[in-house]
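Chemist: Handing over protein_24.tsv, TSV, C-alpha atoms and all ligand atoms.
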```tsv
chain	number	residue	atom	x	y	z
A	22	GLY	CA	-150.03	-184.01	16.64
A	23	ASN	CA	-148.97	-184.80	20.18
A	24	ASP	CA	-149.52	-181.41	21.71
A	25	ASN	CA	-151.14	-183.09	24.69
A	26	TYR	CA	-147.73	-184.39	25.76
A	27	ALA	CA	-146.03	-181.02	25.45
A	28	ILE	CA	-144.94	-179.16	28.52
A	29	THR	CA	-147.36	-176.62	29.95
A	30	GLU	CA	-145.97	-175.32	33.24
A	31	ASN	CA	-142.97	-173.02	33.81
A	32	PRO	CA	-139.33	-174.08	33.74
A	33	THR	CA	-137.77	-174.84	37.12
A	34	ILE	CA	-134.44	-173.12	36.49
A	35	SER	CA	-133.43	-170.02	34.53
A	36	LEU	CA	-131.88	-170.27	31.09
A	37	GLU	CA	-128.65	-168.79	32.49
A	38	GLU	CA	-128.39	-171.47	35.13
A	39	ALA	CA	-129.27	-174.17	32.61
A	40	ARG	CA	-126.57	-172.93	30.21
A	41	ASP	CA	-124.08	-173.17	33.05
A	42	LEU	CA	-125.13	-176.76	33.83
A	43	TRP	CA	-124.91	-177.65	30.16
A	44	ARG	CA	-121.40	-176.21	29.93
A	45	GLN	CA	-120.32	-178.25	32.95
A	46	SER	CA	-121.71	-181.40	31.33
A	47	GLU	CA	-119.98	-180.53	28.07
A	48	ILE	CA	-116.67	-180.38	29.92
A	49	ALA	CA	-117.35	-183.72	31.64
A	50	SER	CA	-118.14	-185.42	28.33
A	51	GLN	CA	-115.76	-183.46	26.09
A	52	ASP	CA	-113.51	-186.23	24.86
A	53	LEU	CA	-116.26	-188.82	24.89
A	54	ALA	CA	-118.78	-187.39	22.41
A	55	ALA	CA	-116.66	-187.85	19.28
A	56	GLY	CA	-115.83	-191.43	20.27
A	57	LEU	CA	-119.45	-192.29	20.97
A	58	SER	CA	-120.52	-190.68	17.72
A	59	GLU	CA	-118.06	-192.84	15.79
A	60	GLN	CA	-119.20	-195.98	17.61
A	61	LEU	CA	-122.83	-195.17	16.89
A	62	ARG	CA	-122.05	-194.46	13.24
A	63	LEU	CA	-120.62	-197.96	12.88
A	64	ILE	CA	-123.60	-199.53	14.59
A	65	LEU	CA	-126.40	-197.49	13.08
A	66	GLU	CA	-124.96	-197.33	9.57
A	67	PRO	CA	-127.08	-199.06	6.97
A	68	THR	CA	-126.34	-202.73	6.57
A	69	LEU	CA	-128.70	-203.05	3.62
A	70	ALA	CA	-127.19	-204.54	0.49
A	71	THR	CA	-126.19	-202.02	-2.15
A	72	LYS	CA	-128.67	-201.50	-4.93
A	73	LEU	CA	-128.27	-200.94	-8.64
A	74	ARG	CA	-129.54	-197.50	-9.56
A	75	GLY	CA	-129.81	-195.51	-12.81
A	76	ASP	CA	-129.19	-193.38	-14.80
A	77	TYR	CA	-125.55	-193.12	-15.85
A	78	LYS	CA	-123.55	-192.74	-19.06
A	79	THR	CA	-121.42	-195.69	-18.06
A	80	GLY	CA	-122.12	-198.51	-15.68
A	81	LYS	CA	-122.48	-202.14	-14.85
A	82	ARG	CA	-125.74	-203.18	-16.43
A	83	LEU	CA	-128.13	-201.67	-18.98
A	84	ASN	CA	-131.28	-200.02	-17.72
A	85	MET	CA	-133.82	-201.63	-20.08
A	86	LYS	CA	-136.40	-198.89	-19.53
A	87	ARG	CA	-133.99	-196.38	-21.09
A	88	ILE	CA	-133.26	-198.33	-24.31
A	89	ILE	CA	-136.29	-197.30	-26.40
A	90	PRO	CA	-136.07	-193.59	-25.48
A	91	TYR	CA	-132.33	-193.89	-26.27
A	92	ILE	CA	-132.99	-195.12	-29.79
A	93	ALA	CA	-135.92	-192.72	-30.30
A	94	SER	CA	-133.74	-189.77	-29.29
A	95	GLN	CA	-131.21	-190.60	-32.02
A	96	PHE	CA	-128.88	-191.90	-29.29
A	97	ARG	CA	-128.77	-188.56	-27.48
A	98	LYS	CA	-130.47	-189.69	-24.25
A	99	ASP	CA	-127.56	-191.91	-23.39
A	100	LYS	CA	-127.89	-192.29	-19.64
A	101	ILE	CA	-128.78	-195.92	-20.05
A	102	TRP	CA	-126.56	-197.59	-17.47
A	103	LEU	CA	-127.16	-198.80	-13.94
A	104	ARG	CA	-124.50	-198.50	-11.27
A	105	ARG	CA	-124.02	-200.01	-7.87
A	106	THR	CA	-124.56	-197.11	-5.49
A	107	LYS	CA	-123.92	-196.60	-1.83
A	108	PRO	CA	-126.78	-197.78	0.37
A	109	SER	CA	-129.31	-195.11	1.18
A	110	LYS	CA	-128.87	-193.54	4.57
A	111	ARG	CA	-131.04	-195.16	7.19
A	112	GLN	CA	-133.17	-192.59	8.94
A	113	TYR	CA	-133.57	-192.60	12.69
A	114	GLN	CA	-135.89	-191.02	15.18
A	115	ILE	CA	-134.15	-191.17	18.51
A	116	MET	CA	-135.87	-190.27	21.76
A	117	ILE	CA	-133.93	-189.75	24.98
A	118	ALA	CA	-136.29	-190.23	27.95
A	119	VAL	CA	-134.92	-188.97	31.25
A	120	ASP	CA	-136.17	-189.83	34.73
A	121	ASP	CA	-137.10	-186.64	36.63
A	122	SER	CA	-138.25	-188.44	39.79
A	123	LYS	CA	-137.02	-187.73	43.31
A	124	SER	CA	-135.22	-191.07	43.66
A	125	MET	CA	-132.69	-189.76	41.11
A	126	ALA	CA	-131.74	-187.03	43.59
A	127	GLU	CA	-131.85	-189.45	46.55
A	128	SER	CA	-129.37	-191.77	44.90
A	129	GLN	CA	-127.18	-188.86	43.74
A	130	VAL	CA	-127.26	-189.61	40.04
A	131	VAL	CA	-128.49	-186.18	38.89
A	132	LYS	CA	-125.07	-185.08	37.64
A	133	LEU	CA	-124.57	-188.39	35.85
A	134	ALA	CA	-127.99	-188.03	34.21
A	135	PHE	CA	-127.24	-184.47	33.01
A	136	ASP	CA	-123.85	-185.54	31.66
A	137	SER	CA	-125.49	-188.46	29.88
A	138	ILE	CA	-128.10	-186.25	28.17
A	139	THR	CA	-125.33	-183.95	26.95
A	140	LEU	CA	-123.09	-186.77	25.78
A	141	VAL	CA	-125.78	-188.72	23.94
A	142	SER	CA	-127.40	-185.69	22.32
A	143	LYS	CA	-124.04	-184.29	21.20
A	144	ALA	CA	-122.96	-187.63	19.75
A	145	LEU	CA	-126.25	-188.00	17.90
A	146	THR	CA	-126.17	-184.46	16.49
A	147	GLN	CA	-122.62	-185.03	15.23
A	148	LEU	CA	-123.84	-188.21	13.62
A	149	GLU	CA	-126.67	-186.49	11.76
A	150	ALA	CA	-128.58	-189.74	11.97
A	151	GLY	CA	-131.98	-188.15	12.00
A	152	ALA	CA	-134.36	-186.48	14.37
A	153	LEU	CA	-133.77	-186.22	18.11
A	154	SER	CA	-136.38	-185.80	20.80
A	155	ILE	CA	-136.02	-185.40	24.57
A	156	VAL	CA	-138.71	-186.40	27.03
A	157	LYS	CA	-138.83	-186.21	30.82
A	158	PHE	CA	-140.86	-188.54	32.97
A	159	GLY	CA	-141.95	-189.12	36.53
A	160	GLU	CA	-145.66	-189.02	37.31
A	161	THR	CA	-146.27	-188.27	33.64
A	162	ALA	CA	-144.18	-188.09	30.50
A	163	GLN	CA	-143.66	-184.74	28.78
A	164	VAL	CA	-141.93	-183.79	25.55
A	165	LEU	CA	-139.21	-181.18	26.16
A	166	HIS	CA	-137.81	-181.25	22.63
A	167	PRO	CA	-139.93	-182.62	19.77
A	168	PHE	CA	-138.62	-184.53	16.74
A	169	GLU	CA	-139.70	-181.74	14.39
A	170	ARG	CA	-137.37	-179.15	15.93
A	171	PRO	CA	-133.68	-179.23	14.99
A	172	PHE	CA	-131.35	-179.72	17.94
A	173	SER	CA	-129.43	-176.46	17.99
A	174	GLN	CA	-126.82	-174.80	20.20
A	175	ASP	CA	-129.38	-173.69	22.78
A	176	SER	CA	-131.64	-176.78	22.70
A	177	GLY	CA	-129.64	-178.59	25.39
A	178	PRO	CA	-129.78	-175.80	27.98
A	179	LYS	CA	-133.48	-175.28	27.20
A	180	VAL	CA	-134.12	-178.95	27.96
A	181	PHE	CA	-132.15	-178.75	31.22
A	182	GLN	CA	-134.40	-175.94	32.40
A	183	TRP	CA	-137.26	-178.39	33.00
A	184	PHE	CA	-135.58	-180.79	35.38
A	185	ASP	CA	-135.74	-180.60	39.16
A	186	PHE	CA	-135.85	-184.30	40.10
A	187	GLN	CA	-138.69	-183.72	42.56
A	188	GLN	CA	-141.46	-185.82	41.02
A	189	THR	CA	-142.93	-188.18	43.59
A	190	ARG	CA	-143.63	-191.08	41.22
A	191	THR	CA	-141.70	-193.02	38.59
A	192	ASP	CA	-144.34	-194.25	36.19
A	193	ILE	CA	-142.36	-196.14	33.58
A	194	ARG	CA	-145.47	-197.99	32.41
A	195	ASN	CA	-146.98	-194.63	31.49
A	196	LEU	CA	-143.71	-193.51	29.86
A	197	VAL	CA	-143.56	-196.52	27.57
A	198	ALA	CA	-147.27	-196.27	26.69
A	199	LYS	CA	-146.94	-192.58	25.80
A	200	SER	CA	-143.71	-193.14	23.90
A	201	LEU	CA	-145.38	-195.75	21.70
A	202	ASP	CA	-148.05	-193.19	20.93
A	203	ILE	CA	-145.51	-190.44	20.16
A	204	PHE	CA	-143.49	-192.77	17.93
A	205	ALA	CA	-146.64	-193.88	16.10
A	206	HIS	CA	-147.49	-190.25	15.31
A	207	ALA	CA	-143.91	-189.40	14.35
A	208	ARG	CA	-143.64	-192.24	11.87
A	209	ALA	CA	-144.50	-191.00	8.40
A	210	SER	CA	-147.01	-193.42	6.90
A	211	GLY	CA	-145.38	-196.59	5.59
A	212	ASP	CA	-141.80	-195.33	5.76
A	213	SER	CA	-139.94	-198.63	6.06
A	214	GLU	CA	-136.49	-196.99	6.08
A	215	LEU	CA	-137.26	-195.21	9.32
A	216	TRP	CA	-135.90	-196.69	12.54
A	217	GLN	CA	-137.17	-195.63	15.93
A	218	LEU	CA	-135.04	-195.86	19.03
A	219	GLN	CA	-135.66	-194.85	22.63
A	220	ILE	CA	-132.86	-194.49	25.17
A	221	ILE	CA	-134.20	-194.36	28.73
A	222	ILE	CA	-131.94	-192.74	31.33
A	223	SER	CA	-133.08	-193.58	34.87
A	224	ASP	CA	-132.01	-195.07	38.19
A	225	GLY	CA	-134.12	-198.06	37.15
A	226	VAL	CA	-136.25	-198.22	40.27
A	227	CYS	CA	-139.83	-198.87	39.20
A	228	GLU	CA	-142.88	-200.90	40.18
A	229	ASP	CA	-145.06	-203.23	38.20
A	230	HIS	CA	-142.48	-205.07	36.13
A	231	ALA	CA	-145.02	-207.46	34.61
A	232	THR	CA	-147.14	-204.73	33.02
A	233	ILE	CA	-144.09	-202.86	31.74
A	234	GLN	CA	-142.79	-206.05	30.18
A	235	ARG	CA	-145.99	-206.40	28.15
A	236	LEU	CA	-145.52	-202.86	26.81
A	237	VAL	CA	-141.87	-203.53	26.01
A	238	ARG	CA	-143.01	-206.52	23.95
A	239	GLN	CA	-145.56	-204.35	22.19
A	240	ALA	CA	-142.82	-201.83	21.34
A	241	ARG	CA	-140.83	-204.62	19.81
A	242	GLU	CA	-143.79	-205.66	17.66
A	243	GLU	CA	-144.07	-202.06	16.51
A	244	LYS	CA	-140.34	-202.12	15.66
A	245	ILE	CA	-139.43	-199.53	18.27
A	246	MET	CA	-136.07	-200.24	19.89
A	247	LEU	CA	-135.95	-199.63	23.64
A	248	VAL	CA	-132.67	-199.53	25.50
A	249	PHE	CA	-132.42	-198.72	29.19
A	250	VAL	CA	-129.37	-197.06	30.69
A	251	VAL	CA	-129.43	-197.52	34.48
A	252	MET	CA	-127.65	-194.75	36.39
A	253	ASP	CA	-126.22	-196.49	39.42
A	254	GLY	CA	-125.39	-194.67	42.66
A	255	ILE	CA	-121.92	-193.78	43.79
A	256	ASN	CA	-122.50	-195.39	47.17
A	257	SER	CA	-121.49	-198.98	46.57
A	258	ASN	CA	-123.83	-200.36	49.25
A	259	GLU	CA	-126.81	-198.88	47.41
A	260	SER	CA	-126.13	-200.42	44.02
A	261	ILE	CA	-129.10	-201.63	42.02
A	262	MET	CA	-127.07	-204.73	41.23
A	263	ASP	CA	-127.22	-205.73	44.90
A	264	MET	CA	-130.84	-204.73	45.33
A	265	SER	CA	-133.45	-207.38	46.10
A	266	GLN	CA	-137.16	-207.36	45.49
A	267	VAL	CA	-139.66	-208.66	48.00
A	268	SER	CA	-142.78	-210.28	46.61
A	269	TYR	CA	-145.50	-212.62	47.82
A	270	ASP	CA	-146.39	-215.54	45.60
A	271	PRO	CA	-149.06	-218.12	46.29
A	272	ASP	CA	-147.65	-221.59	47.02
A	273	SER	CA	-149.33	-224.85	45.93
A	274	ASN	CA	-151.88	-224.47	48.72
A	275	GLY	CA	-152.68	-220.91	47.77
A	276	ASN	CA	-150.92	-219.44	50.81
A	277	MET	CA	-148.93	-216.30	50.11
A	278	THR	CA	-145.27	-216.94	50.69
A	279	LEU	CA	-142.47	-214.44	50.94
A	280	LYS	CA	-139.95	-214.39	48.09
A	281	VAL	CA	-136.74	-212.39	47.98
A	282	ASN	CA	-135.22	-212.21	44.52
A	283	LYS	CA	-132.61	-210.08	42.81
A	284	TYR	CA	-134.30	-206.90	41.61
A	285	LEU	CA	-132.70	-207.05	38.17
A	286	ASP	CA	-133.97	-210.62	37.63
A	287	THR	CA	-137.43	-209.26	36.87
A	288	PHE	CA	-136.28	-206.01	35.28
A	289	PRO	CA	-138.74	-205.57	32.39
A	290	PHE	CA	-136.28	-204.24	29.83
A	291	GLU	CA	-134.36	-206.84	27.91
A	292	PHE	CA	-131.70	-204.43	26.68
A	293	TYR	CA	-130.24	-202.57	29.63
A	294	VAL	CA	-126.84	-201.56	30.92
A	295	VAL	CA	-125.71	-200.28	34.32
A	296	VAL	CA	-123.51	-197.18	34.29
A	297	HIS	CA	-121.66	-195.72	37.31
A	298	ASN	CA	-119.59	-193.09	35.61
A	299	ILE	CA	-119.97	-190.96	32.49
A	300	LYS	CA	-116.77	-192.46	31.08
A	301	GLU	CA	-118.48	-195.86	30.95
A	302	LEU	CA	-121.44	-194.63	28.93
A	303	PRO	CA	-120.01	-194.70	25.37
A	304	GLU	CA	-118.85	-198.28	25.68
A	305	MET	CA	-121.97	-199.49	27.49
A	306	LEU	CA	-124.38	-197.80	25.10
A	307	SER	CA	-122.50	-199.16	22.08
A	308	LEU	CA	-122.48	-202.60	23.64
A	309	ILE	CA	-126.22	-202.72	24.21
A	310	LEU	CA	-127.06	-201.32	20.77
A	311	ARG	CA	-124.74	-203.80	19.10
A	312	GLN	CA	-126.41	-206.57	21.07
A	313	TYR	CA	-129.79	-205.29	19.95
A	314	PHE	CA	-128.85	-205.25	16.27
A	315	THR	CA	-127.22	-208.66	16.50
A	316	GLU	CA	-130.38	-210.10	17.95
A	317	LEU	CA	-132.52	-208.29	15.39
A	318	ALA	CA	-130.45	-209.77	12.58
A	319	SER	CA	-130.76	-213.29	13.96
A	320	THR	CA	-134.57	-213.33	14.20
B	16	MET	CA	-146.24	-211.37	41.78
B	17	SER	CA	-146.99	-208.25	43.74
B	18	GLY	CA	-148.81	-206.77	40.73
B	19	GLY	CA	-149.14	-203.02	40.67
B	20	ALA	CA	-148.56	-202.54	44.41
B	21	LYS	CA	-146.63	-199.47	45.49
B	22	GLN	CA	-143.12	-200.19	46.66
B	23	VAL	CA	-140.33	-198.36	48.46
B	24	LYS	CA	-136.58	-198.86	48.73
B	25	ILE	CA	-135.36	-199.76	52.21
B	26	SER	CA	-132.30	-201.15	53.90
B	27	PHE	CA	-131.90	-202.79	57.30
B	28	PHE	CA	-129.37	-202.31	60.05
B	29	THR	CA	-129.20	-203.37	63.69
B	30	ARG	CA	-127.30	-202.56	66.85
B	31	GLU	CA	-127.86	-206.06	68.25
B	32	GLU	CA	-124.60	-207.54	69.47
B	33	ASP	CA	-125.51	-211.06	68.42
B	34	GLU	CA	-123.86	-211.42	64.99
B	35	ALA	CA	-126.32	-214.18	64.13
B	36	LEU	CA	-129.05	-211.55	63.92
B	37	HIS	CA	-127.21	-209.36	61.40
B	38	VAL	CA	-128.33	-209.08	57.76
B	39	SER	CA	-126.73	-207.33	54.80
B	40	GLY	CA	-127.39	-203.64	54.33
B	41	ASN	CA	-128.14	-204.08	50.61
B	42	PRO	CA	-131.24	-202.27	49.37
B	43	LEU	CA	-134.59	-204.05	49.22
B	44	TYR	CA	-137.63	-203.01	47.22
B	45	VAL	CA	-140.68	-203.81	49.34
B	46	PRO	CA	-144.45	-203.12	49.32
B	47	VAL	CA	-145.32	-199.90	51.19
B	48	SER	CA	-148.21	-201.73	52.86
B	49	LEU	CA	-145.76	-203.59	55.13
B	50	LYS	CA	-146.01	-203.18	58.89
B	51	ARG	CA	-143.90	-204.54	61.74
B	52	PHE	CA	-145.03	-208.12	61.20
B	53	GLY	CA	-144.20	-208.21	57.49
B	54	LEU	CA	-140.86	-206.48	58.05
B	55	SER	CA	-140.03	-208.93	60.82
B	56	GLU	CA	-140.84	-211.79	58.46
B	57	ILE	CA	-138.38	-210.37	55.89
B	58	VAL	CA	-135.55	-209.94	58.42
B	59	ASN	CA	-136.09	-213.51	59.63
B	60	HIS	CA	-136.06	-214.71	56.02
B	61	LEU	CA	-132.75	-212.93	55.45
B	62	ILE	CA	-131.24	-214.40	58.63
B	63	ASP	CA	-132.36	-217.95	57.89
B	64	LYS	CA	-135.13	-218.54	55.44
B	65	ASP	CA	-135.92	-222.04	56.72
B	66	SER	CA	-136.00	-221.16	60.39
B	67	GLU	CA	-138.82	-222.77	62.34
B	68	ARG	CA	-138.55	-220.29	65.20
B	69	PRO	CA	-138.62	-216.69	63.93
B	70	THR	CA	-137.42	-213.94	66.23
B	71	PRO	CA	-139.95	-211.12	66.58
B	72	PHE	CA	-138.37	-207.75	65.73
B	73	GLU	CA	-139.52	-204.20	66.05
B	74	PHE	CA	-138.42	-201.37	63.79
B	75	LEU	CA	-137.20	-197.82	64.18
B	76	ILE	CA	-136.76	-195.07	61.63
B	77	ASN	CA	-134.53	-192.22	62.79
B	78	GLY	CA	-134.84	-193.55	66.34
B	79	THR	CA	-138.65	-193.58	66.37
B	80	LEU	CA	-140.57	-196.84	66.77
B	81	LEU	CA	-142.56	-197.71	63.65
B	82	LYS	CA	-146.16	-198.36	64.70
B	83	THR	CA	-147.82	-197.99	61.31
B	84	SER	CA	-147.34	-199.25	57.78
B	85	LEU	CA	-144.41	-197.86	55.79
B	86	GLU	CA	-146.96	-196.01	53.66
B	87	ASP	CA	-148.47	-194.23	56.69
B	88	TYR	CA	-144.97	-193.36	57.84
B	89	LEU	CA	-144.17	-191.80	54.47
B	90	VAL	CA	-147.39	-189.79	54.42
B	91	GLU	CA	-146.99	-188.59	58.02
B	92	ASN	CA	-143.47	-187.44	57.30
B	93	GLY	CA	-144.25	-185.74	54.01
B	94	LEU	CA	-142.28	-188.31	52.04
B	95	SER	CA	-143.11	-190.28	48.92
B	96	ASN	CA	-142.11	-193.79	47.95
B	97	GLU	CA	-139.19	-192.24	46.02
B	98	ALA	CA	-137.45	-192.07	49.42
B	99	PHE	CA	-134.84	-194.55	50.62
B	100	LEU	CA	-135.62	-195.63	54.18
B	101	ASN	CA	-133.02	-196.87	56.63
B	102	LEU	CA	-134.73	-199.24	59.02
B	103	GLU	CA	-133.16	-200.21	62.32
B	104	TYR	CA	-134.39	-203.47	63.78
B	105	ALA	CA	-134.11	-204.78	67.32
B	106	ARG	CA	-135.42	-207.84	69.15
B	107	ALA	CA	-138.92	-207.01	70.31
B	108	ILE	CA	-139.11	-206.23	74.00
B	109	LEU	CA	-142.81	-205.50	73.95
B	110	PRO	CA	-145.34	-208.19	74.96
B	111	PRO	CA	-146.59	-210.33	72.02
B	112	SER	CA	-150.21	-209.25	72.55
B	113	PHE	CA	-149.18	-205.62	72.06
B	114	LEU	CA	-146.94	-206.46	69.10
B	115	GLY	CA	-149.87	-208.12	67.38
B	116	SER	CA	-151.51	-204.71	67.02
B	117	PHE	CA	-148.95	-203.32	64.54
C	1	MG	MG	-137.77	-192.80	40.87
```
Rewrite the structure of this file - the entire thing - as structure tokens.

Modeler:
Amino acid sequence: GNDNYAITENPTISLEEARDLWRQSEIASQDLAAGLSEQLRLILEPTLATKLRGDYKTGKRLNMKRIIPYIASQFRKDKIWLRRTKPSKRQYQIMIAVDDSKSMAESQVVKLAFDSITLVSKALTQLEAGALSIVKFGETAQVLHPFERPFSQDSGPKVFQWFDFQQTRTDIRNLVAKSLDIFAHARASGDSELWQLQIIISDGVCEDHATIQRLVRQAREEKIMLVFVVMDGINSNESIMDMSQVSYDPDSNGNMTLKVNKYLDTFPFEFYVVVHNIKELPEMLSLILRQYFTELAST
Amino acid sequence: MSGGAKQVKISFFTREEDEALHVSGNPLYVPVSLKRFGLSEIVNHLIDKDSERPTPFEFLINGTLLKTSLEDYLVENGLSNEAFLNLEYARAILPPSFLGSF
């Protein structure tokens, strides 16, 4: 198992307080969860072609394997027909990874992050698409709710208990590496119908884009979908969309020269959206997932 | 690329009256190893990236002259690089020989 990623310290807020926060987030996302759930159902629904399946008393085509037993049974075992059945339900393992670092508090996106956890987890539970896991990250990544546990009434508040947005690092490289490991363990051997999806909720400020990009590529090879939801600050002059990145690249003579580029130009996640308000989340999340599946289908 | 170097989010502002010295207050993600010289290079780049004659600037955080790297400043003030630093810049009034030391 992955017990080494499980939480070991004590929660930062009481269950009472966490329940209160959860309720507030439920109110903020009340009318949005059902809509998001419906959007996700349309996107995540199986697109596999329907299959012919046995055994029926009437149907479209004979099931040849049933003919000899049919005759041998004096025509009593008469479920000899195949029918076109609904596609089997695609199974998902969906991990919500939430940034617990201090920059989240600095850029005042804590409330937006809490509302997003509530909205996405409620929509996914309504969808009954499969197993849901919640992870927090900062210096390290820790599992707050494992795939094996059903997401019940009290699961949300219990997850909220562990956040304080005081971690002094945002190690997204470590998050992705650990997530790949968790997903690898969670995947039942050779289950090709299982889809694995990670939704990262963060302010998007992280170092070492090149290394993260390699891990994102690895995730793709392992058929793990990664989508990044950037929580953008309310202060318009602090938006990540206007942020620049300073780097020093060697020129043709090997001298280090200063470069100022748009931060998002080197953002290591291919599938990301920027969200300023909880009301934008359903549409943005649907958009990026649809884009993902479209691209998946075209390759 | 800057590789795995630690970075911090900053933004610049100035009280200089000369509009030509003003840059946008949009956030920048910069290496924490930067000192006055590197910061001055960035401000000059933002003012005019092809300028042949850069203006030397000095930097203040909360009114205090920055004499160390950003990283040392963070450590001395009990901050981490999760912080968002507002850096004031002003034309350097100190002699160049002294400026060279930080
Ligand atoms: Mg952070």

Chemist: For ligand MG 1 (chain C), which of A:Leu145, A:Leu196, A:Ile155, A:Ala126 is the closest residue, counting all atoms listed in the file?

Modeler: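 Under the stated criterion, the closest residue is A:Ala126.
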
Chemist: Can you tell me which residues come within 6 Å of ligand MG 1 (chain C) when counting all atoms listed in the file, ideally as number ranges by chain?

Modeler: A: 122-125, 191, 226; B: 97

Chemist: Tell me, as a list of chain:residue names, which residues lie within 6 Å of Val248 of chain A, counting only C-alpha atoms; anything in the same chain fewer than 5 positions away does not count.

Modeler: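 Contacts, in chain order: A:Ile220, A:Phe292, A:Tyr293.
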
Chemist: Residues of chain A no more than 9 Å from chain B, counting only C-alpha atoms: send them over as a ChimeraX atom specification.

Modeler: /A:122-125,127-128,188-191,226-232,258-261,263-271,279-281,284

Chemist: Could you dump the residues just selected with C-alpha atoms as a PDB file, in the coordinates of the input?

Modeler:
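Result saved to selection_25.pdb:
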```pdb
ATOM      1  CA  SER A 122    -138.250-188.440  39.790  1.00  0.00           C
ATOM      2  CA  LYS A 123    -137.020-187.730  43.310  1.00  0.00           C
ATOM      3  CA  SER A 124    -135.220-191.070  43.660  1.00  0.00           C
ATOM      4  CA  MET A 125    -132.690-189.760  41.110  1.00  0.00           C
ATOM      5  CA  GLU A 127    -131.850-189.450  46.550  1.00  0.00           C
ATOM      6  CA  SER A 128    -129.370-191.770  44.900  1.00  0.00           C
ATOM      7  CA  GLN A 188    -141.460-185.820  41.020  1.00  0.00           C
ATOM      8  CA  THR A 189    -142.930-188.180  43.590  1.00  0.00           C
ATOM      9  CA  ARG A 190    -143.630-191.080  41.220  1.00  0.00           C
ATOM     10  CA  THR A 191    -141.700-193.020  38.590  1.00  0.00           C
ATOM     11  CA  VAL A 226    -136.250-198.220  40.270  1.00  0.00           C
ATOM     12  CA  CYS A 227    -139.830-198.870  39.200  1.00  0.00           C
ATOM     13  CA  GLU A 228    -142.880-200.900  40.180  1.00  0.00           C
ATOM     14  CA  ASP A 229    -145.060-203.230  38.200  1.00  0.00           C
ATOM     15  CA  HIS A 230    -142.480-205.070  36.130  1.00  0.00           C
ATOM     16  CA  ALA A 231    -145.020-207.460  34.610  1.00  0.00           C
ATOM     17  CA  THR A 232    -147.140-204.730  33.020  1.00  0.00           C
ATOM     18  CA  ASN A 258    -123.830-200.360  49.250  1.00  0.00           C
ATOM     19  CA  GLU A 259    -126.810-198.880  47.410  1.00  0.00           C
ATOM     20  CA  SER A 260    -126.130-200.420  44.020  1.00  0.00           C
ATOM     21  CA  ILE A 261    -129.100-201.630  42.020  1.00  0.00           C
ATOM     22  CA  ASP A 263    -127.220-205.730  44.900  1.00  0.00           C
ATOM     23  CA  MET A 264    -130.840-204.730  45.330  1.00  0.00           C
ATOM     24  CA  SER A 265    -133.450-207.380  46.100  1.00  0.00           C
ATOM     25  CA  GLN A 266    -137.160-207.360  45.490  1.00  0.00           C
ATOM     26  CA  VAL A 267    -139.660-208.660  48.000  1.00  0.00           C
ATOM     27  CA  SER A 268    -142.780-210.280  46.610  1.00  0.00           C
ATOM     28  CA  TYR A 269    -145.500-212.620  47.820  1.00  0.00           C
ATOM     29  CA  ASP A 270    -146.390-215.540  45.600  1.00  0.00           C
ATOM     30  CA  PRO A 271    -149.060-218.120  46.290  1.00  0.00           C
ATOM     31  CA  LEU A 279    -142.470-214.440  50.940  1.00  0.00           C
ATOM     32  CA  LYS A 280    -139.950-214.390  48.090  1.00  0.00           C
ATOM     33  CA  VAL A 281    -136.740-212.390  47.980  1.00  0.00           C
ATOM     34  CA  TYR A 284    -134.300-206.900  41.610  1.00  0.00           C
TER      35      TYR A 284
END
```

Chemist: If you measure from atom CA of Ile222 of chain A to atom CA of Val250 of chain A, what distance in Å do you get, rounded to one decimal?

Modeler: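 Those two atoms sit 5.1 Å apart.
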
Chemist: Please, what distance in Å, to one decimal, runs between atom CA of Gln182 of chain A and atom CA of Gln129 of chain A?

Modeler: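 Separation between atom CA of Gln182 of chain A and atom CA of Gln129 of chain A: 18.6 Å.
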
Chemist: Skipping near chain neighbours, those fewer than 2 positions away, what residues fall within 8 Å of Gln219 of chain A using all atoms listed in the file, listed as a PyMOL selection string?

Modeler: chain A and resi 115-118+217+221+245-248

Chemist: Measuring atom to atom with all atoms listed in the file, identify which of B:Glu34, B:Arg51, B:Pro71, B:Ser66 is nearest to Pro110 of chain B.

Modeler: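 Ranked by minimum distance to Pro110 of chain B, first place goes to B:Pro71.
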
Chemist: Just want the 10 Å neighbourhood of Lys199 of chain A, counted on all atoms listed in the file, with same-chain residues fewer than 6 positions away dropped. Output as a list in words.

Modeler: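 In the requested format, the answer is Asn23, Tyr26, Thr161, Ala162, Gln163, Ile193 and Ala205 of chain A.
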
Chemist: With all atoms listed in the file as the atoms that count, which of A:Asp224, A:Glu316, A:Glu30, A:Glu66 lies nearest to Gln112 of chain A?

Modeler: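 Residue with the minimum atom-to-atom distance to Gln112 of chain A: A:Glu66.
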
Chemist: Interatomic distance between atom CA of Ile76 of chain B and atom CA of Tyr88 of chain B?

Modeler: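 Going from atom CA of Ile76 of chain B over to atom CA of Tyr88 of chain B covers 9.2 Å.
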
Chemist: Considering all atoms listed in the file, state which residue in the set B:Asp87, B:Lys82, B:Asn77, B:Leu36 is at the smallest distance from Ala105 of chain B.

Modeler: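 Among B:Asp87, B:Lys82, B:Asn77, B:Leu36, it is B:Leu36 that comes nearest to Ala105 of chain B.
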
Chemist: List every protein, DNA or RNA residue with an atom no more than 12 Å from (-138.2, -194.4, 66.6) in the file's coordinates, counting all atoms listed in the file, and format the result as a ChimeraX atom specification.

Modeler: /B:73-83,88,101-105

Chemist: Build an axis-aligned box that encloses every atom of segment 236-241 of chain A listed in the file, pad it by 5 Å on each side, and report its centre and edge lengths in Å to one decimal, as JSON.

Modeler:
```
{"center_x": -143.2, "center_y": -204.2, "center_z": 23.3, "size_x": 14.7, "size_y": 14.7, "size_z": 17.0}
```
